[in-house]
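A.B. asks: Handing you this structure, nothing more for now.
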Amino acid sequence: MENPYLLLTPGPLSTSHSVRSAMRLDLCTWDDDYLQLVQQIRTKLVRLATANEHMIQYTSVLMQGSGTFGVESVIGSVIPDSGKLLIATNGAYGNRIIEIAKALHIPHVIYQSNENEPVNAGEMDRVLMNDPDISHVMVVHCETTTGILNPVKDVCEVAKRYGKTTIVDAMSSFGGIEMDVHNWKIDYLISSANKCIQGVPGFSFIIASKQNLERCKGQARSLSLDLYDQWEVMEKQHGKWRYTSPTHTVRAFDQALSELAEEGGISARFKRYAENQRTLVEGMEKLGFIPYIQREHQSPIITSFLYPESHFDFVSFYEFLKHKGFVIYPGKVSDQLTFRIGNIGAVHVSDMERLLDAIQTYQEGKGVVTA
Ligand SMILES: *Cc1c(COP(=O)(O)O)cnc(C)c1O
C-alpha cells in the first residue's frame, strides 16, 4: 500500500518502505533472537552518541512510550528528593518539562527565553551562581515548537563548571545533527524512535554513563518509568525489557539504524536535512513567506513561517497541500500566527521542490479544492 501523503511533520514522519516492511514479523520478547536485536540496537545508539574511546563508559536504555515518556522517566528517576532542577525553556517542549516537574512535585526554577531567541548560557551562569540549591540543569536541543537550536554544548559547559548534572531533550535532533555526549558534557540524553533515526513510534531511548545510572537506584517516582530498573533488567537479562516491549517498532528501528549507516551516518543525514531546509526556505522566501527564526539560530529539522497576511486561511492552505500529497503542521508560537514545515524523514530535495510548486499553484489561485 502506498502512503497517501508525505509527512512534513517532526515525527511521526515519513519512513522508508523497508522500515515499514520490517514490522511484518511477530517476534517473541524473551527469545534470544529478539534479545540480541535489542542489545545490538543499544550498542549502535551509544556508537552514534560518542567516539569509540568513550563508548565503554556509556550505555543506552530503551523505554516504552513516546518521547515524553522518556523525558518523564529521566526527570522522575535522576533527581533525588533533595535535588532542584533548573529548566531552560523557549517553547512548548521546554514548557512540558516544567509540567512534568510540577506533576512529580520536583523543586524547580525556570529560566525563560523568548521563543525566537536561543537560551543564553551566560544568563544561566548567573542563575546558577545565585541558586546553589540547583542540582540538575535541563535544556531542549532543537525546540520543535519553532525549529530553533539551543546552544546545548555551552549550557552544559556552564552547568558543569558548577558541578551540576545535565539533561538534554535531543528528541528532534539526535541522529540528524552530530553531537557527542562526552564532549558536550551531557549526562542524560533523551530521544525517540520516530524522529531523526526515522523509525516508527513506540519507544524512547536514554543515553547516559553507567556511573550516572548507578546513582538513580531506588529514586524513581514511578514504577513503569523507573530508568534504573529498566536499565538493570536490560543489562542483567541481556536485552529484556521489564514489561511488554514494542517488538514490531524495535525491528523497524533496527532497519532504520541500518539505513542511517547506509546513508553515510549522521553527517550525511545532516547534509540531506540541511539541503532540504535550504531549498525549502529559499523557495518559500521567493514566494513571499518569511521564516520566524533567524537563519543563524535555525535548525535543519523544521521551519516556522509567519502567516503572509493576517487573514491567511491556513485551513484551506493545509487542505490544498494535503490534496497534493503533503501534510504540513500548524504553528505553536504563542504570540504570532505561524505554520510549520518539517523536512526530516524519508524526504529529499525533490520533495521540497514539488512542495514549492504546489504552494505556488495555491498562490496563483488554482488552490480551490473541489470535492
Ligand atoms: C517530539 C518531541 C518530544 C516528545 O514528544 P512525544 O509526542 O511524546 O513523542 C519532546 N521534545 C521534543 C523537542 C520533541 O520534538
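The way I read the labels, and the way they are meant: chains A, B, ... in the order of the C-alpha cells, residue 1 as the first residue of every chain, and ligand 1 as the first ligand shown, with later ones counted on from there.
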What residues have any atom no more than 7 Å from ligand 1 when counting only C-alpha atoms and all ligand atoms, and can you list them as a short mmCIF file (atom, residue, chain, number, x, y, z; two decimals) with N, CA, C and O atoms, in the first residue's frame?

C.D. replies:
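Result file selection.cif:
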data_model
loop_
_atom_site.label_atom_id
_atom_site.label_comp_id
_atom_site.auth_asym_id
_atom_site.auth_seq_id
_atom_site.Cartn_x
_atom_site.Cartn_y
_atom_site.Cartn_z
N PRO A 10 7.35 16.87 12.34
CA PRO A 10 8.57 16.47 13.05
C PRO A 10 8.49 15.10 13.71
O PRO A 10 9.20 14.82 14.64
N GLY A 11 7.64 14.25 13.28
CA GLY A 11 7.56 12.90 13.84
C GLY A 11 6.24 12.69 14.55
O GLY A 11 5.87 13.56 15.32
N SER A 66 6.03 7.15 23.98
CA SER A 66 6.54 8.20 23.08
C SER A 66 7.66 8.96 23.77
O SER A 66 8.05 8.63 24.91
N GLY A 67 8.18 9.97 23.11
CA GLY A 67 9.31 10.73 23.65
C GLY A 67 9.08 11.29 25.04
O GLY A 67 9.97 11.27 25.89
N THR A 68 7.88 11.78 25.28
CA THR A 68 7.57 12.39 26.58
C THR A 68 7.74 11.38 27.72
O THR A 68 8.15 11.74 28.83
N PHE A 69 7.45 10.10 27.45
CA PHE A 69 7.62 9.07 28.48
C PHE A 69 9.11 8.96 28.86
O PHE A 69 9.44 8.76 30.02
N TYR A 93 8.12 22.46 24.26
CA TYR A 93 8.73 21.25 24.81
C TYR A 93 9.51 21.55 26.09
O TYR A 93 9.55 20.72 27.00
N VAL A 140 16.30 21.84 26.07
CA VAL A 140 15.89 21.17 24.83
C VAL A 140 16.88 21.58 23.74
O VAL A 140 17.23 22.76 23.64
N HIS A 141 17.33 20.63 22.93
CA HIS A 141 18.29 20.97 21.88
C HIS A 141 17.58 21.69 20.73
O HIS A 141 17.67 22.90 20.60
N CYS A 142 16.85 20.95 19.91
CA CYS A 142 16.06 21.61 18.87
C CYS A 142 14.66 21.79 19.43
O CYS A 142 13.96 20.81 19.66
N GLU A 143 14.26 23.04 19.71
CA GLU A 143 12.91 23.30 20.23
C GLU A 143 11.97 23.23 19.03
O GLU A 143 11.90 24.14 18.20
N THR A 144 11.27 22.11 18.94
CA THR A 144 10.49 21.79 17.75
C THR A 144 9.29 22.74 17.56
O THR A 144 8.72 22.81 16.47
N ASP A 169 17.03 17.19 26.21
CA ASP A 169 15.99 16.66 25.33
C ASP A 169 16.47 16.88 23.90
O ASP A 169 16.39 17.98 23.37
N ALA A 170 17.04 15.82 23.33
CA ALA A 170 17.55 15.89 21.95
C ALA A 170 16.60 15.12 21.04
O ALA A 170 17.01 14.51 20.05
N MET A 171 15.31 15.14 21.42
CA MET A 171 14.31 14.34 20.73
C MET A 171 14.35 14.53 19.23
O MET A 171 14.41 13.57 18.47
N SER A 172 14.27 15.78 18.80
CA SER A 172 14.12 16.03 17.37
C SER A 172 15.45 16.36 16.69
O SER A 172 15.46 16.84 15.58
N SER A 192 13.87 9.73 20.65
CA SER A 192 12.87 8.68 20.44
C SER A 192 12.97 8.07 19.05
O SER A 192 13.67 8.58 18.17
#

A.B. asks: I need the residues in stretch 19-233 of chain A that are strand (DSSP E) according to DSSP; give them as JSON, numbers by chain.

C.D. replies: {"A": [58, 59, 60, 61, 62, 63, 64, 85, 86, 87, 88, 89, 108, 109, 110, 111, 112, 136, 137, 138, 139, 140, 142, 143, 148, 149, 165, 166, 167, 168, 169, 188, 189, 190, 191, 192, 203, 204, 205, 206, 207, 208, 209]}

A.B. asks: Which polymer residues have any atom within 8 Å of an atom of stretch 249-257 of chain A, counting only C-alpha atoms, with same-chain residues fewer than 6 positions away left out, as a PyMOL selection string?

C.D. replies: chain A and resi 18-23+37-38+41+44+193+197-203

A.B. asks: Could you give me, as an MDAnalysis selection string, the residues within 9 Å of A:Phe317, counting only C-alpha atoms and dropping anything in the same chain fewer than 4 positions from it?

C.D. replies: chainID A and resid 312:313 321:322 359 362 367

A.B. asks: Could those residues be written to a file, using N, CA, C and O atoms, as a PDB file, in the first residue's frame?

C.D. replies:
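After the write, selection18.pdb holds the following:
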ATOM      1  N   PHE A 312      -4.714  35.157   6.356  1.00  0.00           N
ATOM      2  CA  PHE A 312      -4.284  33.924   5.676  1.00  0.00           C
ATOM      3  C   PHE A 312      -5.131  32.740   6.150  1.00  0.00           C
ATOM      4  O   PHE A 312      -5.300  32.518   7.348  1.00  0.00           O
ATOM      5  N   ASP A 313      -5.653  31.995   5.196  1.00  0.00           N
ATOM      6  CA  ASP A 313      -6.552  30.887   5.528  1.00  0.00           C
ATOM      7  C   ASP A 313      -5.736  29.595   5.619  1.00  0.00           C
ATOM      8  O   ASP A 313      -5.586  28.864   4.639  1.00  0.00           O
ATOM      9  N   LEU A 321      -2.711  21.463   0.210  1.00  0.00           N
ATOM     10  CA  LEU A 321      -1.433  20.739   0.175  1.00  0.00           C
ATOM     11  C   LEU A 321      -1.636  19.250   0.461  1.00  0.00           C
ATOM     12  O   LEU A 321      -0.987  18.396  -0.142  1.00  0.00           O
ATOM     13  N   LYS A 322      -2.545  18.957   1.348  1.00  0.00           N
ATOM     14  CA  LYS A 322      -2.826  17.544   1.648  1.00  0.00           C
ATOM     15  C   LYS A 322      -3.333  16.829   0.393  1.00  0.00           C
ATOM     16  O   LYS A 322      -2.914  15.709   0.078  1.00  0.00           O
ATOM     17  N   ILE A 359       2.732  24.950  -3.577  1.00  0.00           N
ATOM     18  CA  ILE A 359       2.429  26.197  -2.866  1.00  0.00           C
ATOM     19  C   ILE A 359       2.256  27.342  -3.871  1.00  0.00           C
ATOM     20  O   ILE A 359       1.346  28.165  -3.749  1.00  0.00           O
ATOM     21  N   TYR A 362      -1.087  27.081  -5.399  1.00  0.00           N
ATOM     22  CA  TYR A 362      -2.100  27.571  -4.456  1.00  0.00           C
ATOM     23  C   TYR A 362      -2.176  29.096  -4.516  1.00  0.00           C
ATOM     24  O   TYR A 362      -3.261  29.685  -4.594  1.00  0.00           O
ATOM     25  N   GLY A 367      -5.856  27.215  -6.176  1.00  0.00           N
ATOM     26  CA  GLY A 367      -5.913  26.443  -4.957  1.00  0.00           C
ATOM     27  C   GLY A 367      -7.301  26.083  -4.456  1.00  0.00           C
ATOM     28  O   GLY A 367      -7.494  25.804  -3.289  1.00  0.00           O
TER      29      GLY A 367
END

A.B. asks: Excluding same-chain residues fewer than 5 positions from A:Lys240, what lies within 7 Å of it counting only C-alpha atoms, as number ranges by chain?

C.D. replies: A: 30, 35, 233-234

A.B. asks: Restrict the selected residues to N, CA, C and O atoms and save them as a PDB file, in the first residue's frame.

C.D. replies:
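Dumped everything to out-v9.pdb:
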ATOM      1  N   TRP A  30      11.128 -12.718  24.705  1.00  0.00           N
ATOM      2  CA  TRP A  30      12.231 -13.268  25.513  1.00  0.00           C
ATOM      3  C   TRP A  30      13.115 -14.251  24.751  1.00  0.00           C
ATOM      4  O   TRP A  30      14.078 -14.787  25.280  1.00  0.00           O
ATOM      5  N   LEU A  35      16.329 -10.665  21.869  1.00  0.00           N
ATOM      6  CA  LEU A  35      17.220 -10.047  22.850  1.00  0.00           C
ATOM      7  C   LEU A  35      18.505  -9.550  22.191  1.00  0.00           C
ATOM      8  O   LEU A  35      18.994  -8.460  22.483  1.00  0.00           O
ATOM      9  N   VAL A 233      17.362  -4.433  34.339  1.00  0.00           N
ATOM     10  CA  VAL A 233      16.800  -5.639  33.716  1.00  0.00           C
ATOM     11  C   VAL A 233      17.387  -5.837  32.321  1.00  0.00           C
ATOM     12  O   VAL A 233      17.765  -6.949  31.939  1.00  0.00           O
ATOM     13  N   MET A 234      17.526  -4.753  31.554  1.00  0.00           N
ATOM     14  CA  MET A 234      18.118  -4.872  30.213  1.00  0.00           C
ATOM     15  C   MET A 234      19.545  -5.397  30.258  1.00  0.00           C
ATOM     16  O   MET A 234      19.965  -6.169  29.402  1.00  0.00           O
TER      17      MET A 234
END

A.B. asks: Between A:His248, A:Arg295, A:Lys102, A:Lys195, which is the closest to A:Arg24 once you count only C-alpha atoms?

C.D. replies: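 Residue with the minimum atom-to-atom distance to A:Arg24: A:His248.
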